file start-v4.csv (CSV, N, CA and C atoms)
chain,number,residue,atom,x,y,z
A,382,MET,N,-67.3,-85.1,-2.7
A,382,MET,CA,-66.1,-84.4,-2.4
A,382,MET,C,-65.8,-83.4,-3.4
A,383,SER,N,-65.3,-82.2,-2.9
A,383,SER,CA,-64.9,-81.1,-3.8
A,383,SER,C,-63.5,-81.3,-4.2
A,384,ASN,N,-63.2,-80.8,-5.3
A,384,ASN,CA,-61.9,-80.9,-5.8
A,384,ASN,C,-61.2,-79.6,-5.6
A,385,ILE,N,-60.4,-79.5,-4.5
A,385,ILE,CA,-59.7,-78.3,-4.1
A,385,ILE,C,-58.2,-78.3,-4.5
A,386,GLU,N,-57.8,-77.3,-5.2
A,386,GLU,CA,-56.4,-77.2,-5.6
A,386,GLU,C,-55.7,-76.2,-4.7
A,387,PHE,N,-54.5,-76.6,-4.3
A,387,PHE,CA,-53.7,-75.7,-3.4
A,387,PHE,C,-52.5,-75.2,-4.2
A,388,LYS,N,-52.3,-73.9,-4.1
A,388,LYS,CA,-51.1,-73.4,-4.8
A,388,LYS,C,-49.9,-73.4,-3.8
A,389,GLU,N,-48.8,-73.6,-4.4
A,389,GLU,CA,-47.6,-73.5,-3.5
A,389,GLU,C,-47.4,-72.0,-3.1
A,390,PRO,N,-47.2,-71.8,-1.8
A,390,PRO,CA,-47.0,-70.4,-1.3
A,390,PRO,C,-45.7,-69.9,-1.8
A,391,GLU,N,-45.7,-68.6,-2.1
A,391,GLU,CA,-44.5,-67.9,-2.5
A,391,GLU,C,-43.9,-67.3,-1.3
A,392,VAL,N,-42.6,-67.6,-1.0
A,392,VAL,CA,-41.9,-67.1,0.1
A,392,VAL,C,-40.7,-66.3,-0.4
A,393,THR,N,-40.7,-65.0,0.1
A,393,THR,CA,-39.6,-64.2,-0.3
A,393,THR,C,-38.9,-63.8,1.0
A,394,THR,N,-37.6,-64.0,1.0
A,394,THR,CA,-36.8,-63.5,2.2
A,394,THR,C,-36.1,-62.3,1.8
A,395,GLN,N,-35.9,-61.4,2.8
A,395,GLN,CA,-35.3,-60.2,2.6
A,395,GLN,C,-34.7,-59.7,3.9
A,396,HIS,N,-33.6,-59.1,3.9
A,396,HIS,CA,-33.0,-58.5,5.1
A,396,HIS,C,-33.9,-57.4,5.6
A,397,PRO,N,-34.1,-57.4,6.9
A,397,PRO,CA,-35.0,-56.4,7.5
A,397,PRO,C,-34.6,-54.9,7.1
A,398,ARG,N,-33.3,-54.6,7.0
A,398,ARG,CA,-32.9,-53.3,6.6
A,398,ARG,C,-33.3,-53.0,5.2
A,399,GLU,N,-33.2,-54.0,4.3
A,399,GLU,CA,-33.6,-53.8,2.9
A,399,GLU,C,-35.1,-53.6,2.9
A,400,MET,N,-35.9,-54.3,3.7
A,400,MET,CA,-37.3,-54.2,3.7
A,400,MET,C,-37.7,-52.8,4.2
A,401,ALA,N,-37.0,-52.3,5.2
A,401,ALA,CA,-37.3,-51.0,5.8
A,401,ALA,C,-37.0,-49.9,4.8
A,402,HIS,N,-36.0,-50.1,4.0
A,402,HIS,CA,-35.6,-49.1,3.0
A,402,HIS,C,-36.7,-49.1,1.9
A,403,GLU,N,-37.2,-50.3,1.5
A,403,GLU,CA,-38.3,-50.4,0.5
A,403,GLU,C,-39.6,-49.7,1.0
A,404,THR,N,-39.8,-50.0,2.3
A,404,THR,CA,-41.0,-49.4,3.0
A,404,THR,C,-40.9,-47.9,2.9
A,405,LEU,N,-39.8,-47.3,3.1
A,405,LEU,CA,-39.6,-45.8,3.0
A,405,LEU,C,-39.9,-45.3,1.6
A,406,GLN,N,-39.4,-46.1,0.6
A,406,GLN,CA,-39.7,-45.7,-0.8
A,406,GLN,C,-41.2,-45.8,-1.1
A,407,ASP,N,-41.8,-46.9,-0.6
A,407,ASP,CA,-43.3,-47.0,-0.8
A,407,ASP,C,-44.1,-45.9,-0.1
A,408,LEU,N,-43.6,-45.4,1.0
A,408,LEU,CA,-44.3,-44.4,1.7
A,408,LEU,C,-44.3,-43.1,1.0
A,409,ILE,N,-43.4,-42.9,0.1
A,409,ILE,CA,-43.4,-41.6,-0.8
A,409,ILE,C,-44.7,-41.7,-1.6
A,410,GLU,N,-45.0,-42.8,-2.2
A,410,GLU,CA,-46.2,-42.9,-3.0
A,410,GLU,C,-47.4,-42.9,-2.2
A,411,PHE,N,-47.3,-43.6,-1.0
A,411,PHE,CA,-48.5,-43.6,-0.1
A,411,PHE,C,-48.9,-42.2,0.4
A,412,SER,N,-47.9,-41.4,0.5
A,412,SER,CA,-48.2,-40.0,1.0
A,412,SER,C,-49.1,-39.3,-0.1
A,413,ILE,N,-48.9,-39.6,-1.3
A,413,ILE,CA,-49.7,-39.0,-2.4
A,413,ILE,C,-51.2,-39.5,-2.3
A,414,VAL,N,-51.3,-40.8,-2.0
A,414,VAL,CA,-52.6,-41.4,-1.8
A,414,VAL,C,-53.3,-40.8,-0.6
A,415,LEU,N,-52.6,-40.5,0.5
A,415,LEU,CA,-53.2,-39.9,1.7
A,415,LEU,C,-53.6,-38.5,1.4
A,416,GLU,N,-52.8,-37.7,0.6
A,416,GLU,CA,-53.2,-36.4,0.3
A,416,GLU,C,-54.5,-36.4,-0.4
A,417,LYS,N,-54.7,-37.3,-1.4
A,417,LYS,CA,-55.9,-37.3,-2.2
A,417,LYS,C,-57.1,-37.8,-1.3
A,418,LEU,N,-56.8,-38.8,-0.5
A,418,LEU,CA,-57.8,-39.3,0.4
A,418,LEU,C,-58.3,-38.2,1.4
A,419,SER,N,-57.4,-37.4,1.9
A,419,SER,CA,-57.8,-36.3,2.8
A,419,SER,C,-58.7,-35.3,2.1
A,420,ARG,N,-58.3,-34.9,0.9
A,420,ARG,CA,-59.1,-33.9,0.1
A,420,ARG,C,-60.5,-34.5,-0.3
A,421,ASN,N,-60.5,-35.8,-0.7
A,421,ASN,CA,-61.7,-36.5,-1.0
A,421,ASN,C,-62.7,-36.5,0.2
A,422,THR,N,-62.1,-36.8,1.4
A,422,THR,CA,-62.9,-36.8,2.6
A,422,THR,C,-63.5,-35.4,2.9
A,423,ALA,N,-62.7,-34.4,2.7
A,423,ALA,CA,-63.2,-33.0,2.9
A,423,ALA,C,-64.4,-32.7,2.0
A,424,GLN,N,-64.3,-33.2,0.7
A,424,GLN,CA,-65.4,-33.0,-0.2
A,424,GLN,C,-66.6,-33.7,0.2
A,425,ARG,N,-66.5,-34.7,1.0
A,425,ARG,CA,-67.7,-35.5,1.4
A,425,ARG,C,-68.2,-35.1,2.8
A,426,ALA,N,-67.7,-33.9,3.3
A,426,ALA,CA,-68.0,-33.5,4.7
A,426,ALA,C,-69.5,-33.4,5.0
A,427,ASN,N,-70.3,-33.1,4.0
A,427,ASN,CA,-71.7,-33.0,4.2
A,427,ASN,C,-72.5,-34.2,3.8
A,428,GLU,N,-71.8,-35.3,3.5
A,428,GLU,CA,-72.5,-36.6,3.1
A,428,GLU,C,-72.7,-37.4,4.3
A,429,PRO,N,-73.7,-38.3,4.3
A,429,PRO,CA,-74.0,-39.1,5.4
A,429,PRO,C,-72.9,-40.1,5.8
A,430,ASP,N,-72.0,-40.4,4.9
A,430,ASP,CA,-70.9,-41.4,5.2
A,430,ASP,C,-69.6,-40.7,5.5
A,431,PHE,N,-69.7,-39.4,5.9
A,431,PHE,CA,-68.5,-38.6,6.2
A,431,PHE,C,-67.7,-39.2,7.3
A,432,LEU,N,-68.4,-39.6,8.4
A,432,LEU,CA,-67.7,-40.1,9.6
A,432,LEU,C,-66.9,-41.4,9.2
A,433,GLU,N,-67.6,-42.2,8.4
A,433,GLU,CA,-67.0,-43.5,8.0
A,433,GLU,C,-65.7,-43.2,7.1
A,434,ASN,N,-65.8,-42.2,6.3
A,434,ASN,CA,-64.7,-41.8,5.4
A,434,ASN,C,-63.5,-41.2,6.3
A,435,LEU,N,-63.9,-40.4,7.3
A,435,LEU,CA,-62.9,-39.9,8.2
A,435,LEU,C,-62.2,-41.0,9.0
A,436,ILE,N,-62.9,-42.0,9.5
A,436,ILE,CA,-62.3,-43.1,10.2
A,436,ILE,C,-61.4,-43.9,9.3
A,437,HIS,N,-61.8,-44.1,8.0
A,437,HIS,CA,-60.9,-44.8,7.1
A,437,HIS,C,-59.6,-44.0,6.9
A,438,LEU,N,-59.7,-42.7,6.7
A,438,LEU,CA,-58.6,-41.8,6.6
A,438,LEU,C,-57.6,-42.0,7.8
A,439,ILE,N,-58.2,-41.9,8.9
A,439,ILE,CA,-57.4,-42.0,10.2
A,439,ILE,C,-56.7,-43.4,10.3
A,440,ASP,N,-57.4,-44.4,9.8
A,440,ASP,CA,-56.8,-45.8,9.8
A,440,ASP,C,-55.6,-45.8,8.9
A,441,GLU,N,-55.8,-45.2,7.7
A,441,GLU,CA,-54.7,-45.1,6.7
A,441,GLU,C,-53.5,-44.3,7.3
A,442,ILE,N,-53.8,-43.2,7.9
A,442,ILE,CA,-52.7,-42.4,8.5
A,442,ILE,C,-52.0,-43.3,9.6
A,443,SER,N,-52.7,-44.0,10.3
A,443,SER,CA,-52.1,-44.9,11.3
A,443,SER,C,-51.2,-45.9,10.7
A,444,THR,N,-51.6,-46.5,9.6
A,444,THR,CA,-50.7,-47.4,8.8
A,444,THR,C,-49.4,-46.7,8.4
A,445,PHE,N,-49.5,-45.4,7.9
A,445,PHE,CA,-48.4,-44.6,7.5
A,445,PHE,C,-47.4,-44.4,8.6
A,446,THR,N,-48.0,-44.0,9.8
A,446,THR,CA,-47.1,-43.7,10.9
A,446,THR,C,-46.4,-44.9,11.5
A,447,GLU,N,-47.2,-46.0,11.5
A,447,GLU,CA,-46.6,-47.3,12.0
A,447,GLU,C,-45.5,-47.7,11.1
A,448,ALA,N,-45.6,-47.6,9.8
A,448,ALA,CA,-44.6,-48.0,8.9
A,448,ALA,C,-43.3,-47.1,9.1
A,449,ILE,N,-43.5,-45.9,9.3
A,449,ILE,CA,-42.3,-45.0,9.6
A,449,ILE,C,-41.7,-45.4,10.9
A,450,ILE,N,-42.4,-45.7,11.9
A,450,ILE,CA,-41.9,-46.1,13.2
A,450,ILE,C,-41.1,-47.4,13.1
A,451,HIS,N,-41.7,-48.3,12.4
A,451,HIS,CA,-41.0,-49.6,12.2
A,451,HIS,C,-39.7,-49.5,11.4
A,452,ALA,N,-39.8,-48.7,10.3
A,452,ALA,CA,-38.6,-48.5,9.5
A,452,ALA,C,-37.5,-47.8,10.4
A,453,ARG,N,-37.8,-46.8,11.2
A,453,ARG,CA,-36.8,-46.1,12.0
A,453,ARG,C,-36.2,-47.1,13.0
A,454,ILE,N,-37.0,-47.9,13.6
A,454,ILE,CA,-36.5,-48.9,14.6
A,454,ILE,C,-35.6,-49.9,13.9
A,455,THR,N,-36.0,-50.4,12.8
A,455,THR,CA,-35.2,-51.4,12.0
A,455,THR,C,-33.9,-50.8,11.6
A,456,LEU,N,-33.9,-49.6,11.1
A,456,LEU,CA,-32.7,-48.9,10.6
A,456,LEU,C,-31.9,-48.3,11.8
A,457,LYS,N,-32.4,-48.4,13.0
A,457,LYS,CA,-31.7,-47.9,14.2
A,457,LYS,C,-31.4,-46.4,14.0
A,458,MET,N,-32.4,-45.7,13.6
A,458,MET,CA,-32.2,-44.2,13.4
A,458,MET,C,-32.4,-43.5,14.8
A,459,GLY,N,-31.6,-42.5,15.0
A,459,GLY,CA,-31.7,-41.7,16.1
A,459,GLY,C,-32.8,-40.6,15.9
A,460,LEU,N,-32.7,-39.6,16.7
A,460,LEU,CA,-33.6,-38.4,16.6
A,460,LEU,C,-33.2,-37.6,15.3
A,461,ILE,N,-34.2,-37.3,14.5
A,461,ILE,CA,-34.0,-36.5,13.3
A,461,ILE,C,-35.0,-35.3,13.5
A,462,ARG,N,-34.4,-34.2,13.7
A,462,ARG,CA,-35.2,-33.0,14.1
A,462,ARG,C,-36.4,-32.7,13.1
A,463,SER,N,-36.1,-32.7,11.8
A,463,SER,CA,-37.1,-32.4,10.8
A,463,SER,C,-38.2,-33.4,10.8
A,464,VAL,N,-37.9,-34.7,11.0
A,464,VAL,CA,-38.9,-35.7,11.0
A,464,VAL,C,-39.7,-35.6,12.3
A,465,SER,N,-39.0,-35.3,13.4
A,465,SER,CA,-39.8,-35.1,14.7
A,465,SER,C,-40.8,-34.0,14.6
A,466,LEU,N,-40.4,-32.9,13.9
A,466,LEU,CA,-41.3,-31.8,13.7
A,466,LEU,C,-42.6,-32.2,12.8
A,467,LEU,N,-42.3,-33.0,11.8
A,467,LEU,CA,-43.4,-33.5,11.0
A,467,LEU,C,-44.3,-34.4,11.8
A,468,GLU,N,-43.7,-35.3,12.6
A,468,GLU,CA,-44.5,-36.2,13.4
A,468,GLU,C,-45.4,-35.4,14.4
A,469,ALA,N,-44.8,-34.4,15.0
A,469,ALA,CA,-45.6,-33.5,16.0
A,469,ALA,C,-46.7,-32.8,15.2
A,470,ASP,N,-46.4,-32.3,14.0
A,470,ASP,CA,-47.4,-31.6,13.3
A,470,ASP,C,-48.6,-32.5,12.9
A,471,LEU,N,-48.2,-33.7,12.5
A,471,LEU,CA,-49.3,-34.7,12.1
A,471,LEU,C,-50.1,-35.0,13.3
A,472,LEU,N,-49.5,-35.2,14.4
A,472,LEU,CA,-50.2,-35.5,15.6
A,472,LEU,C,-51.2,-34.4,16.0
A,473,SER,N,-50.7,-33.2,15.9
A,473,SER,CA,-51.5,-32.0,16.2
A,473,SER,C,-52.7,-31.9,15.3
A,474,ILE,N,-52.5,-32.2,14.0
A,474,ILE,CA,-53.6,-32.1,13.0
A,474,ILE,C,-54.6,-33.2,13.4
A,475,LEU,N,-54.2,-34.4,13.7
A,475,LEU,CA,-55.1,-35.4,14.1
A,475,LEU,C,-55.9,-35.1,15.3
A,476,LYS,N,-55.2,-34.5,16.3
A,476,LYS,CA,-56.0,-34.1,17.5
A,476,LYS,C,-57.0,-33.1,17.2
A,477,ASP,N,-56.6,-32.1,16.4
A,477,ASP,CA,-57.6,-31.1,16.0
A,477,ASP,C,-58.7,-31.7,15.2
A,478,LEU,N,-58.5,-32.6,14.3
A,478,LEU,CA,-59.6,-33.3,13.6
A,478,LEU,C,-60.6,-34.0,14.5
A,479,LEU,N,-60.0,-34.7,15.5
A,479,LEU,CA,-60.9,-35.4,16.5
A,479,LEU,C,-61.7,-34.4,17.3
A,480,HIS,N,-61.0,-33.3,17.7
A,480,HIS,CA,-61.7,-32.3,18.5
A,480,HIS,C,-62.7,-31.6,17.7
A,481,GLY,N,-62.4,-31.3,16.5
A,481,GLY,CA,-63.4,-30.6,15.6
A,481,GLY,C,-64.6,-31.5,15.3
A,482,GLN,N,-64.3,-32.8,15.2
A,482,GLN,CA,-65.5,-33.7,14.9
A,482,GLN,C,-66.3,-33.8,16.2
A,483,ALA,N,-65.7,-33.8,17.4
A,483,ALA,CA,-66.4,-33.9,18.6
A,483,ALA,C,-67.3,-32.7,18.9
A,484,THR,N,-66.8,-31.5,18.5
A,484,THR,CA,-67.5,-30.3,18.7
A,484,THR,C,-68.3,-29.7,17.6
A,485,GLY,N,-68.3,-30.5,16.5
A,485,GLY,CA,-69.1,-30.1,15.3
A,485,GLY,C,-68.6,-28.9,14.5
A,486,GLN,N,-67.3,-28.7,14.5
A,486,GLN,CA,-66.7,-27.6,13.8
A,486,GLN,C,-66.4,-28.0,12.3
A,487,LYS,N,-67.4,-28.2,11.5
A,487,LYS,CA,-67.2,-28.7,10.2
A,487,LYS,C,-66.4,-27.9,9.3
A,488,VAL,N,-66.5,-26.6,9.4
A,488,VAL,CA,-65.6,-25.7,8.5
A,488,VAL,C,-64.1,-25.9,8.8
A,489,TYR,N,-63.8,-26.0,10.1
A,489,TYR,CA,-62.5,-26.2,10.6
A,489,TYR,C,-62.0,-27.6,10.1
A,490,ILE,N,-62.8,-28.6,10.2
A,490,ILE,CA,-62.4,-30.0,9.8
A,490,ILE,C,-62.1,-29.9,8.3
A,491,ILE,N,-63.0,-29.3,7.5
A,491,ILE,CA,-62.8,-29.2,6.0
A,491,ILE,C,-61.4,-28.5,5.7
A,492,SER,N,-61.1,-27.5,6.5
A,492,SER,CA,-59.8,-26.8,6.3
A,492,SER,C,-58.7,-27.7,6.6
A,493,LEU,N,-58.8,-28.4,7.7
A,493,LEU,CA,-57.7,-29.4,8.1
A,493,LEU,C,-57.5,-30.4,7.0
A,494,LEU,N,-58.6,-30.9,6.5
A,494,LEU,CA,-58.6,-32.0,5.5
A,494,LEU,C,-58.1,-31.5,4.1
A,495,ASN,N,-58.5,-30.3,3.8
A,495,ASN,CA,-58.1,-29.7,2.4
A,495,ASN,C,-56.8,-29.1,2.4
A,496,GLU,N,-56.3,-28.5,3.5
A,496,GLU,CA,-55.1,-27.8,3.5
A,496,GLU,C,-54.0,-28.4,4.3
A,497,TYR,N,-54.2,-28.4,5.6
A,497,TYR,CA,-53.2,-28.7,6.6
A,497,TYR,C,-52.7,-30.2,6.5
A,498,LEU,N,-53.6,-31.1,6.4
A,498,LEU,CA,-53.2,-32.5,6.3
A,498,LEU,C,-52.5,-32.8,5.0
A,499,PRO,N,-53.0,-32.4,3.8
A,499,PRO,CA,-52.3,-32.6,2.6
A,499,PRO,C,-50.9,-32.0,2.6
A,500,THR,N,-50.8,-30.8,3.2
A,500,THR,CA,-49.5,-30.1,3.2
A,500,THR,C,-48.5,-30.9,4.1
A,501,ASN,N,-49.0,-31.5,5.2
A,501,ASN,CA,-48.1,-32.3,6.0
A,501,ASN,C,-47.6,-33.5,5.2
A,502,PHE,N,-48.5,-34.2,4.4
A,502,PHE,CA,-48.1,-35.3,3.6
A,502,PHE,C,-47.1,-34.9,2.5
A,503,GLU,N,-47.3,-33.8,1.9
A,503,GLU,CA,-46.4,-33.3,0.9
A,503,GLU,C,-45.0,-33.1,1.6
A,504,GLN,N,-45.0,-32.5,2.8
A,504,GLN,CA,-43.7,-32.3,3.5
A,504,GLN,C,-43.1,-33.6,3.8
A,505,TRP,N,-43.9,-34.6,4.2
A,505,TRP,CA,-43.3,-36.0,4.4
A,505,TRP,C,-42.6,-36.5,3.1
A,506,ARG,N,-43.3,-36.3,2.0
A,506,ARG,CA,-42.8,-36.8,0.7
A,506,ARG,C,-41.6,-36.1,0.2
A,507,THR,N,-41.6,-34.8,0.4
A,507,THR,CA,-40.4,-34.0,-0.1
A,507,THR,C,-39.3,-33.7,0.9
A,508,GLN,N,-39.6,-33.9,2.2
A,508,GLN,CA,-38.6,-33.6,3.2
A,508,GLN,C,-38.3,-34.8,4.2
A,509,GLY,N,-39.4,-35.2,4.8
A,509,GLY,CA,-39.2,-36.2,5.9
A,509,GLY,C,-38.7,-37.5,5.5
A,510,ILE,N,-39.4,-38.1,4.5
A,510,ILE,CA,-39.0,-39.5,4.0
A,510,ILE,C,-37.6,-39.4,3.4
A,511,PRO,N,-37.4,-38.4,2.5
A,511,PRO,CA,-36.0,-38.3,1.9
A,511,PRO,C,-35.0,-38.2,3.0
A,512,GLU,N,-35.3,-37.4,4.1
A,512,GLU,CA,-34.3,-37.3,5.2
A,512,GLU,C,-34.1,-38.6,5.9
A,513,LEU,N,-35.1,-39.4,6.0
A,513,LEU,CA,-35.0,-40.7,6.6
A,513,LEU,C,-34.1,-41.6,5.7
A,514,ILE,N,-34.3,-41.5,4.4
A,514,ILE,CA,-33.6,-42.3,3.4
A,514,ILE,C,-32.1,-41.9,3.5
A,515,ARG,N,-31.8,-40.6,3.5
A,515,ARG,CA,-30.5,-40.1,3.5
A,515,ARG,C,-29.8,-40.5,4.8
A,516,SER,N,-30.5,-40.5,5.9
A,516,SER,CA,-30.0,-40.9,7.2
A,516,SER,C,-29.6,-42.4,7.2
A,517,ARG,N,-30.4,-43.1,6.5
A,517,ARG,CA,-30.2,-44.6,6.4
A,517,ARG,C,-28.9,-44.8,5.6
A,518,ASP,N,-28.7,-44.0,4.6
A,518,ASP,CA,-27.6,-44.2,3.6
A,518,ASP,C,-26.3,-43.7,4.2
A,519,SER,N,-26.4,-42.9,5.2
A,519,SER,CA,-25.1,-42.3,5.7
A,519,SER,C,-24.4,-43.1,6.7
call {"tool": "encode", "arguments": {"input": "start-v4.csv", "output": "structure tokens"}}
result
Amino acid sequence: MSNIEFKEPEVTTQHPREMAHETLQDLIEFSIVLEKLSRNTAQRANEPDFLENLIHLIDEISTFTEAIIHARITLKMGLIRSVSLLEADLLSILKDLLHGQATGQKVYIISLLNEYLPTNFEQWRTQGIPELIRSRDS
């Protein structure tokens, strides 16, 4: 018989609104990670694992957008024009990335990954997320 030790699970309770606010704060830092990941993916555009890196980036972007959606729902936020514009811009960039990948437009993909996507995440960090936080606080 093996000697298995079990640890007591740690359980933290938190009001959903407080958790949503913390999520928004965490997304500020996560946007920096996504900027770097986007640029690193662009640098690997000619490597054999590029598609794998691109898929990983898209998965991380999905996590980012899902967190924003859940925070907005939890905080019962209405339409915020500046945030809606950033969401539309991000969606457009993602569609362009997928189209560029499907049609082999590597130069365009690199441009999206080096410039447009990092700029969008910078705008999320400096404008969109702070706007969501201000909206929550008002």
call {"tool": "residues_near_point", "arguments": {"input": "start-v4.csv", "point": "(-44.3, -40.6, 1.0)", "cutoff": "8 Å", "atoms": "all atoms listed in the file", "output": "JSON, numbers by chain"}}
result
{"A": [405, 406, 407, 408, 409, 410, 411, 412, 413, 414, 502, 503, 504, 505, 506, 507, 509, 510, 511]}
call {"tool": "atom_distance", "arguments": {"input": "start-v4.csv", "atom1": "atom N of Ala401 in chain A", "atom2": "atom N of Gly459 in chain A"}}
result
14.9 Å
call {"tool": "closest_residue", "arguments": {"input": "start-v4.csv", "among": "A:Lys417, A:Asn501, A:Glu386, A:Asn434", "to": "Asp470 in chain A", "atoms": "only N, CA and C atoms"}}
result
A:Asn501
call {"tool": "atom_distance", "arguments": {"input": "start-v4.csv", "atom1": "atom N of Leu475 in chain A", "atom2": "CA of Phe431 in chain A"}}
result
16.7 Å
call {"tool": "residues_near_point", "arguments": {"input": "start-v4.csv", "point": "(-45.2, -49.4, 5.4)", "cutoff": "7 Å", "atoms": "only C-alpha atoms", "output": "mmCIF file with N, CA and C atoms, keeping the file's coordinate frame"}}
result
data_model
loop_
_atom_site.group_PDB
_atom_site.id
_atom_site.type_symbol
_atom_site.label_atom_id
_atom_site.label_comp_id
_atom_site.auth_asym_id
_atom_site.auth_seq_id
_atom_site.Cartn_x
_atom_site.Cartn_y
_atom_site.Cartn_z
ATOM 1 N N THR A 404 -39.800 -50.000 2.300
ATOM 2 C CA THR A 404 -41.000 -49.400 3.000
ATOM 3 C C THR A 404 -40.900 -47.900 2.900
ATOM 4 N N ASP A 407 -41.800 -46.900 -0.600
ATOM 5 C CA ASP A 407 -43.300 -47.000 -0.800
ATOM 6 C C ASP A 407 -44.100 -45.900 -0.100
ATOM 7 N N LEU A 408 -43.600 -45.400 1.000
ATOM 8 C CA LEU A 408 -44.300 -44.400 1.700
ATOM 9 C C LEU A 408 -44.300 -43.100 1.000
ATOM 10 N N THR A 444 -51.600 -46.500 9.600
ATOM 11 C CA THR A 444 -50.700 -47.400 8.800
ATOM 12 C C THR A 444 -49.400 -46.700 8.400
ATOM 13 N N PHE A 445 -49.500 -45.400 7.900
ATOM 14 C CA PHE A 445 -48.400 -44.600 7.500
ATOM 15 C C PHE A 445 -47.400 -44.400 8.600
ATOM 16 N N ALA A 448 -45.600 -47.600 9.800
ATOM 17 C CA ALA A 448 -44.600 -48.000 8.900
ATOM 18 C C ALA A 448 -43.300 -47.100 9.100
ATOM 19 N N ILE A 449 -43.500 -45.900 9.300
ATOM 20 C CA ILE A 449 -42.300 -45.000 9.600
ATOM 21 C C ILE A 449 -41.700 -45.400 10.900
#
call {"tool": "closest_residue", "arguments": {"input": "start-v4.csv", "among": "A:Leu456, A:Ala423, A:Leu432, A:Leu415", "to": "Ser516 in chain A", "atoms": "only N, CA and C atoms"}}
result
A:Leu456
call {"tool": "atom_distance", "arguments": {"input": "start-v4.csv", "atom1": "CA of Arg425 in chain A", "atom2": "CA of Tyr489 in chain A"}}
result
14.1 Å
call {"tool": "closest_residue", "arguments": {"input": "start-v4.csv", "among": "A:Ser463, A:Gln486, A:Asn495, A:Thr500", "to": "Glu512 in chain A", "atoms": "only N, CA and C atoms"}}
result
A:Ser463
